[in-house]
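Notes follow once the structure below has been shown.
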Amino acid sequence: MNFNLSNILTWNNLAVILDILIIWYLVYRLIMLIKGTKAVQLAKGIVLIFLVRIIAGLLHLNALTYIVDQIVSWSVVGIIVIFQPEIRRGLEKLGRTPLFGGREGNAHDESVKFINELDKAIQYMSKRRIGALITIQQETGLDDYIETGIKLDADVTGELLINIFIPNTPLHDGAVIINKNRIAVAAAYLPLSDSTMIPKRLGTRHRAAVGISEVTDAITIVVSEETGGVTITRNGRLLLDMTREEYMKYLTAELVPKKEKENRWYQRLFNKIWKWGAGK
């Protein structure tokens, strides 16, 4: 028996494989869309109904099969009504996705927004001399230190960071650790540095910032409670009393990915048409 590769690599077989991959991808995206929402429990109920239908068909339970078939036949309308918020959210998300250069553009824009939220919190706390310690994870994992904090798993906003570090609140003492542009935990403990190069006028927050920079490649921002000065540490380096222009330049260089290339004119045109009416 001769093995002929051309008999396998036919368009019909490739179409079947492509069809299966697309369906699996759509199911995965649907699961990720409803994850963490009340729709998860409803989805489990729908799966249970289909399992009952399959079992009833195999056991020839005609009455039960008829009832389940009626439920399934009307389920399309029911799904649209029940999952209306999730469907709307998914369509809105799809409509916001650029046709060309989406990933690079989105990553760039999200990083810029992230830095602006940091800046909003830093400026507020610096002017009012509210002490803060913010560590941003890079390549080296910070799981050991994340475990010492109080889990938040929240979007980074200036208002939330400010609220965390307001004195005499449950979360203000310790460090905020940010991972993948999200606040992982607050009130985390960082290792203190024993370096004699740290000026004696600096307190525990600065020693913790230097300490974490000695054992990881994380970027740590400190707002001094005594002076309101802004300090950044990384890889054992201590950048003291940075101006707004200096720390914004540093954070932008370290955290904002550069766009690989400029889209062609027709790509920019399509993206502009696609985004028309979406607002700024």
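Chains: A, B, ... in order of the structure tokens. Residues: from 1 per chain. Ligands: from 1, in order shown.
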
For this session: Would you list the contacts of Asn235 in chain A as number ranges by chain, taking every protein, DNA or RNA residue within 6 Å and counting only C-alpha atoms, but skipping same-chain residues closer than 2 positions in sequence?
Result: A: 213-214, 217, 237

Those of range 19-192 of chain A in DSSP alpha helix (DSSP H), formatted as a short mmCIF file (atom, residue, chain, number, x, y, z; two decimals) with N, CA and C atoms, in the first residue's frame:
data_model
loop_
_atom_site.label_atom_id
_atom_site.label_comp_id
_atom_site.auth_asym_id
_atom_site.auth_seq_id
_atom_site.Cartn_x
_atom_site.Cartn_y
_atom_site.Cartn_z
N ASP A 19 -11.98 24.49 10.00
CA ASP A 19 -13.29 24.66 10.60
C ASP A 19 -13.26 24.32 12.09
N ILE A 20 -12.60 23.21 12.43
CA ILE A 20 -12.50 22.79 13.83
C ILE A 20 -11.71 23.80 14.65
N LEU A 21 -10.60 24.29 14.09
CA LEU A 21 -9.77 25.26 14.81
C LEU A 21 -10.53 26.56 15.07
N ILE A 22 -11.29 27.01 14.07
CA ILE A 22 -12.08 28.24 14.25
C ILE A 22 -13.14 28.06 15.33
N ILE A 23 -13.81 26.91 15.31
CA ILE A 23 -14.85 26.65 16.31
C ILE A 23 -14.24 26.61 17.72
N TRP A 24 -13.10 25.92 17.85
CA TRP A 24 -12.44 25.86 19.15
C TRP A 24 -12.02 27.24 19.62
N TYR A 25 -11.52 28.06 18.70
CA TYR A 25 -11.11 29.42 19.06
C TYR A 25 -12.30 30.25 19.52
N LEU A 26 -13.41 30.13 18.79
CA LEU A 26 -14.61 30.89 19.16
C LEU A 26 -15.14 30.45 20.53
N VAL A 27 -15.11 29.13 20.77
CA VAL A 27 -15.55 28.63 22.08
C VAL A 27 -14.63 29.15 23.19
N TYR A 28 -13.32 29.16 22.92
CA TYR A 28 -12.36 29.67 23.91
C TYR A 28 -12.61 31.15 24.19
N ARG A 29 -12.81 31.94 23.13
CA ARG A 29 -13.07 33.37 23.33
C ARG A 29 -14.38 33.59 24.09
N LEU A 30 -15.38 32.74 23.82
CA LEU A 30 -16.65 32.86 24.53
C LEU A 30 -16.46 32.56 26.02
N ILE A 31 -15.68 31.52 26.33
CA ILE A 31 -15.42 31.17 27.72
C ILE A 31 -14.70 32.31 28.43
N MET A 32 -13.69 32.89 27.76
CA MET A 32 -12.94 33.99 28.36
C MET A 32 -13.82 35.23 28.53
N LEU A 33 -14.80 35.40 27.64
CA LEU A 33 -15.68 36.56 27.71
C LEU A 33 -16.61 36.48 28.92
N ILE A 34 -17.15 35.27 29.19
CA ILE A 34 -18.12 35.13 30.27
C ILE A 34 -17.46 34.75 31.59
N ALA A 39 -22.96 34.76 33.86
CA ALA A 39 -23.27 33.94 32.70
C ALA A 39 -22.64 32.55 32.79
N VAL A 40 -21.62 32.39 33.62
CA VAL A 40 -20.97 31.08 33.76
C VAL A 40 -21.97 30.06 34.28
N GLN A 41 -22.74 30.42 35.29
CA GLN A 41 -23.73 29.49 35.84
C GLN A 41 -24.82 29.17 34.82
N LEU A 42 -25.22 30.17 34.05
CA LEU A 42 -26.23 29.94 33.02
C LEU A 42 -25.68 29.02 31.94
N ALA A 43 -24.41 29.18 31.59
CA ALA A 43 -23.79 28.32 30.58
C ALA A 43 -23.75 26.88 31.07
N LYS A 44 -23.49 26.68 32.36
CA LYS A 44 -23.50 25.33 32.92
C LYS A 44 -24.89 24.70 32.80
N GLY A 45 -25.91 25.53 33.02
CA GLY A 45 -27.28 25.03 32.88
C GLY A 45 -27.58 24.60 31.45
N ILE A 46 -27.11 25.37 30.47
CA ILE A 46 -27.34 25.02 29.07
C ILE A 46 -26.62 23.71 28.71
N VAL A 47 -25.39 23.57 29.20
CA VAL A 47 -24.65 22.32 28.96
C VAL A 47 -25.38 21.14 29.57
N LEU A 48 -25.95 21.33 30.76
CA LEU A 48 -26.69 20.25 31.42
C LEU A 48 -27.91 19.85 30.60
N ILE A 49 -28.60 20.83 30.02
CA ILE A 49 -29.77 20.52 29.18
C ILE A 49 -29.37 19.68 27.98
N PHE A 50 -28.26 20.03 27.33
CA PHE A 50 -27.81 19.26 26.17
C PHE A 50 -27.39 17.84 26.57
N LEU A 51 -26.79 17.69 27.76
CA LEU A 51 -26.42 16.36 28.23
C LEU A 51 -27.67 15.51 28.46
N VAL A 52 -28.70 16.13 29.05
CA VAL A 52 -29.96 15.42 29.28
C VAL A 52 -30.57 14.99 27.94
N ARG A 53 -30.49 15.87 26.93
CA ARG A 53 -31.03 15.54 25.60
C ARG A 53 -30.31 14.35 24.99
N ILE A 54 -29.00 14.33 25.11
CA ILE A 54 -28.22 13.23 24.53
C ILE A 54 -28.54 11.91 25.23
N ILE A 55 -28.60 11.95 26.56
CA ILE A 55 -28.89 10.73 27.33
C ILE A 55 -30.31 10.24 27.03
N ALA A 56 -31.26 11.18 26.96
CA ALA A 56 -32.66 10.80 26.67
C ALA A 56 -32.77 10.17 25.30
N GLY A 57 -32.00 10.70 24.32
CA GLY A 57 -32.03 10.12 22.98
C GLY A 57 -31.44 8.72 22.95
N LEU A 58 -30.36 8.51 23.68
CA LEU A 58 -29.73 7.18 23.71
C LEU A 58 -30.61 6.15 24.39
N ASN A 62 -38.82 9.00 24.92
CA ASN A 62 -39.45 9.86 23.93
C ASN A 62 -40.09 11.12 24.52
N ALA A 63 -40.77 10.96 25.64
CA ALA A 63 -41.44 12.12 26.24
C ALA A 63 -40.41 13.16 26.70
N LEU A 64 -39.36 12.69 27.37
CA LEU A 64 -38.33 13.59 27.84
C LEU A 64 -37.59 14.22 26.67
N THR A 65 -37.36 13.43 25.62
CA THR A 65 -36.69 13.96 24.43
C THR A 65 -37.50 15.07 23.80
N TYR A 66 -38.84 14.88 23.72
CA TYR A 66 -39.72 15.89 23.13
C TYR A 66 -39.68 17.19 23.93
N ILE A 67 -39.74 17.07 25.27
CA ILE A 67 -39.73 18.26 26.12
C ILE A 67 -38.42 19.02 25.97
N VAL A 68 -37.31 18.29 26.01
CA VAL A 68 -36.00 18.95 25.89
C VAL A 68 -35.85 19.59 24.51
N ASP A 69 -36.35 18.92 23.46
CA ASP A 69 -36.29 19.50 22.11
C ASP A 69 -37.03 20.82 22.05
N GLN A 70 -38.17 20.90 22.72
CA GLN A 70 -38.92 22.16 22.74
C GLN A 70 -38.13 23.26 23.47
N ILE A 71 -37.50 22.86 24.55
CA ILE A 71 -36.69 23.84 25.28
C ILE A 71 -35.53 24.33 24.42
N VAL A 72 -34.86 23.40 23.73
CA VAL A 72 -33.72 23.76 22.89
C VAL A 72 -34.14 24.64 21.73
N SER A 73 -35.33 24.33 21.15
CA SER A 73 -35.80 25.10 19.98
C SER A 73 -36.06 26.57 20.34
N SER A 75 -34.42 28.01 22.86
CA SER A 75 -33.27 28.48 23.64
C SER A 75 -32.50 29.60 22.95
N VAL A 76 -32.58 29.67 21.61
CA VAL A 76 -31.84 30.73 20.89
C VAL A 76 -32.32 32.10 21.34
N VAL A 77 -33.64 32.25 21.39
CA VAL A 77 -34.20 33.53 21.85
C VAL A 77 -33.85 33.76 23.32
N GLY A 78 -33.94 32.69 24.11
CA GLY A 78 -33.62 32.82 25.52
C GLY A 78 -32.17 33.21 25.77
N ILE A 79 -31.26 32.62 24.98
CA ILE A 79 -29.83 32.93 25.13
C ILE A 79 -29.56 34.39 24.82
N ILE A 80 -30.21 34.90 23.75
CA ILE A 80 -30.03 36.30 23.37
C ILE A 80 -30.50 37.22 24.49
N VAL A 81 -31.62 36.89 25.11
CA VAL A 81 -32.16 37.72 26.19
C VAL A 81 -31.29 37.62 27.44
N ILE A 82 -30.93 36.39 27.81
CA ILE A 82 -30.19 36.18 29.06
C ILE A 82 -28.77 36.72 28.96
N GLN A 84 -27.62 39.04 26.99
CA GLN A 84 -27.57 40.34 26.31
C GLN A 84 -26.40 41.22 26.75
N PRO A 85 -26.10 41.34 28.07
CA PRO A 85 -24.95 42.18 28.47
C PRO A 85 -23.63 41.65 27.93
N GLU A 86 -23.45 40.31 27.99
CA GLU A 86 -22.19 39.72 27.51
C GLU A 86 -22.06 39.85 26.00
N ILE A 87 -23.16 39.64 25.27
CA ILE A 87 -23.13 39.77 23.81
C ILE A 87 -22.80 41.20 23.42
N ARG A 88 -23.42 42.15 24.10
CA ARG A 88 -23.15 43.56 23.82
C ARG A 88 -21.71 43.92 24.11
N ARG A 89 -21.19 43.44 25.25
CA ARG A 89 -19.80 43.72 25.60
C ARG A 89 -18.84 43.12 24.58
N GLY A 90 -19.13 41.90 24.12
CA GLY A 90 -18.27 41.25 23.14
C GLY A 90 -18.26 41.98 21.81
N LEU A 91 -19.44 42.42 21.35
CA LEU A 91 -19.52 43.15 20.09
C LEU A 91 -18.82 44.51 20.19
N GLU A 92 -18.96 45.17 21.34
CA GLU A 92 -18.26 46.45 21.53
C GLU A 92 -16.75 46.25 21.51
N LYS A 93 -16.29 45.19 22.15
CA LYS A 93 -14.85 44.90 22.16
C LYS A 93 -14.35 44.58 20.77
N LEU A 94 -15.15 43.83 20.00
CA LEU A 94 -14.78 43.51 18.63
C LEU A 94 -14.72 44.76 17.78
N GLY A 95 -15.66 45.67 18.00
CA GLY A 95 -15.69 46.91 17.22
C GLY A 95 -14.54 47.84 17.54
N ARG A 96 -13.95 47.72 18.76
CA ARG A 96 -12.83 48.57 19.12
C ARG A 96 -11.50 48.02 18.65
N GLY A 102 -3.17 46.08 15.29
CA GLY A 102 -3.97 46.13 16.50
C GLY A 102 -3.19 45.86 17.76
N ARG A 103 -2.41 44.78 17.76
CA ARG A 103 -1.73 44.38 18.99
C ARG A 103 -0.69 45.40 19.41
N GLU A 104 0.14 45.83 18.46
CA GLU A 104 1.17 46.79 18.79
C GLU A 104 0.56 48.11 19.25
N GLY A 105 -0.47 48.55 18.51
CA GLY A 105 -1.11 49.82 18.86
C GLY A 105 -1.79 49.75 20.21
N ASN A 106 -2.49 48.64 20.49
CA ASN A 106 -3.18 48.51 21.76
C ASN A 106 -2.20 48.44 22.92
N ALA A 107 -1.11 47.66 22.76
CA ALA A 107 -0.11 47.55 23.82
C ALA A 107 0.54 48.91 24.11
N HIS A 108 0.81 49.66 23.04
CA HIS A 108 1.40 51.00 23.20
C HIS A 108 0.44 51.92 23.94
N ASP A 109 -0.82 51.95 23.50
CA ASP A 109 -1.81 52.84 24.11
C ASP A 109 -2.08 52.47 25.57
N GLU A 110 -2.15 51.16 25.86
CA GLU A 110 -2.40 50.72 27.24
C GLU A 110 -1.24 51.10 28.15
N SER A 111 -0.01 51.00 27.65
CA SER A 111 1.15 51.37 28.46
C SER A 111 1.18 52.87 28.74
N VAL A 112 0.83 53.66 27.73
CA VAL A 112 0.77 55.12 27.91
C VAL A 112 -0.30 55.47 28.95
N LYS A 113 -1.45 54.83 28.86
CA LYS A 113 -2.52 55.07 29.84
C LYS A 113 -2.08 54.65 31.23
N PHE A 114 -1.38 53.53 31.32
CA PHE A 114 -0.87 53.03 32.59
C PHE A 114 0.07 54.04 33.24
N ILE A 115 0.99 54.59 32.46
CA ILE A 115 1.95 55.57 32.99
C ILE A 115 1.23 56.85 33.40
N ASN A 116 0.24 57.26 32.64
CA ASN A 116 -0.52 58.47 32.99
C ASN A 116 -1.26 58.30 34.32
N GLU A 117 -1.78 57.08 34.56
CA GLU A 117 -2.45 56.82 35.84
C GLU A 117 -1.45 56.85 36.99
N LEU A 118 -0.25 56.29 36.75
CA LEU A 118 0.80 56.38 37.76
C LEU A 118 1.15 57.83 38.05
N ASP A 119 1.30 58.60 36.99
CA ASP A 119 1.67 60.01 37.14
C ASP A 119 0.61 60.77 37.93
N LYS A 120 -0.66 60.48 37.67
CA LYS A 120 -1.74 61.14 38.40
C LYS A 120 -1.62 60.89 39.91
N ALA A 121 -1.33 59.63 40.26
CA ALA A 121 -1.20 59.28 41.68
C ALA A 121 0.06 59.89 42.27
N ILE A 122 1.16 59.82 41.53
CA ILE A 122 2.44 60.35 42.04
C ILE A 122 2.34 61.85 42.30
N GLN A 123 1.76 62.59 41.35
CA GLN A 123 1.64 64.03 41.52
C GLN A 123 0.78 64.40 42.72
N TYR A 124 -0.33 63.69 42.89
CA TYR A 124 -1.22 63.97 44.02
C TYR A 124 -0.51 63.71 45.34
N MET A 125 0.15 62.53 45.45
CA MET A 125 0.78 62.16 46.71
C MET A 125 2.03 62.99 46.99
N SER A 126 2.76 63.34 45.94
CA SER A 126 3.98 64.13 46.12
C SER A 126 3.65 65.52 46.67
N LYS A 127 2.63 66.15 46.13
CA LYS A 127 2.26 67.50 46.58
C LYS A 127 1.77 67.50 48.02
N ARG A 128 1.16 66.40 48.43
CA ARG A 128 0.60 66.33 49.79
C ARG A 128 1.48 65.53 50.75
N ASP A 143 6.41 36.49 42.82
CA ASP A 143 5.39 35.70 43.50
C ASP A 143 5.64 35.60 45.00
N ASP A 144 6.91 35.46 45.40
CA ASP A 144 7.23 35.34 46.83
C ASP A 144 6.77 36.57 47.60
N TYR A 145 6.87 37.73 46.98
CA TYR A 145 6.49 38.98 47.66
C TYR A 145 5.00 39.25 47.49
N ILE A 146 4.43 38.81 46.38
CA ILE A 146 2.99 38.96 46.17
C ILE A 146 2.22 38.19 47.24
N GLY A 158 -5.26 56.10 39.00
CA GLY A 158 -4.67 57.05 39.93
C GLY A 158 -5.46 57.13 41.22
N GLU A 159 -6.78 57.11 41.09
CA GLU A 159 -7.64 57.24 42.28
C GLU A 159 -7.45 56.06 43.23
N LEU A 160 -7.34 54.85 42.67
CA LEU A 160 -7.17 53.67 43.53
C LEU A 160 -5.82 53.69 44.23
N LEU A 161 -4.77 54.05 43.52
CA LEU A 161 -3.44 54.13 44.14
C LEU A 161 -3.42 55.18 45.25
N ILE A 162 -4.04 56.31 44.99
CA ILE A 162 -4.10 57.36 46.02
C ILE A 162 -4.84 56.85 47.25
N ASN A 163 -5.95 56.19 47.03
CA ASN A 163 -6.76 55.71 48.14
C ASN A 163 -6.03 54.66 48.97
N ILE A 164 -5.23 53.83 48.29
CA ILE A 164 -4.47 52.79 49.00
C ILE A 164 -3.48 53.41 49.98
N PHE A 165 -2.79 54.48 49.56
CA PHE A 165 -1.71 55.03 50.36
C PHE A 165 -2.13 56.17 51.30
#

Problem set entry | Residues of range 131-211 of chain A in strand (DSSP E or B), written as a list of chain:residue names | A:Ala132, A:Leu133, A:Ile134, A:Thr135, A:Ile136, A:Ile150, A:Lys151, A:Leu152, A:Asp153, A:Ala154, A:Asp155, A:Ala175, A:Val176, A:Ile177, A:Ile178, A:Asn179, A:Arg182, A:Ile183, A:Ala184, A:Val185, A:Ala186, A:Ala187, A:Ala188

Please produce an output containing C-alpha atoms for each residue in the selection, written as a PDB file, in the first residue's frame.
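The new file out00.pdb reads:
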ATOM      1  CA  ALA A 132       3.994  55.507  48.681  1.00  0.00           C
ATOM      2  CA  LEU A 133       5.868  52.406  47.510  1.00  0.00           C
ATOM      3  CA  ILE A 134       4.938  50.967  44.093  1.00  0.00           C
ATOM      4  CA  THR A 135       6.775  48.019  42.517  1.00  0.00           C
ATOM      5  CA  ILE A 136       6.250  47.114  38.851  1.00  0.00           C
ATOM      6  CA  ILE A 150      -3.471  41.550  50.262  1.00  0.00           C
ATOM      7  CA  LYS A 151      -4.839  40.469  46.898  1.00  0.00           C
ATOM      8  CA  LEU A 152      -6.619  43.102  44.810  1.00  0.00           C
ATOM      9  CA  ASP A 153      -6.266  42.121  41.114  1.00  0.00           C
ATOM     10  CA  ALA A 154      -7.550  45.522  39.996  1.00  0.00           C
ATOM     11  CA  ASP A 155      -7.002  47.917  37.117  1.00  0.00           C
ATOM     12  CA  ALA A 175       4.101  48.056  48.850  1.00  0.00           C
ATOM     13  CA  VAL A 176       1.723  47.874  45.936  1.00  0.00           C
ATOM     14  CA  ILE A 177       2.923  45.280  43.400  1.00  0.00           C
ATOM     15  CA  ILE A 178       1.818  45.721  39.796  1.00  0.00           C
ATOM     16  CA  ASN A 179       1.965  42.826  37.348  1.00  0.00           C
ATOM     17  CA  ARG A 182      -2.788  45.364  37.024  1.00  0.00           C
ATOM     18  CA  ILE A 183      -2.507  45.884  40.759  1.00  0.00           C
ATOM     19  CA  ALA A 184      -1.809  42.380  42.057  1.00  0.00           C
ATOM     20  CA  VAL A 185      -1.601  43.141  45.781  1.00  0.00           C
ATOM     21  CA  ALA A 186      -1.259  45.956  48.292  1.00  0.00           C
ATOM     22  CA  ALA A 187       0.434  46.037  51.704  1.00  0.00           C
ATOM     23  CA  ALA A 188       3.153  43.636  50.504  1.00  0.00           C
TER      24      ALA A 188
END
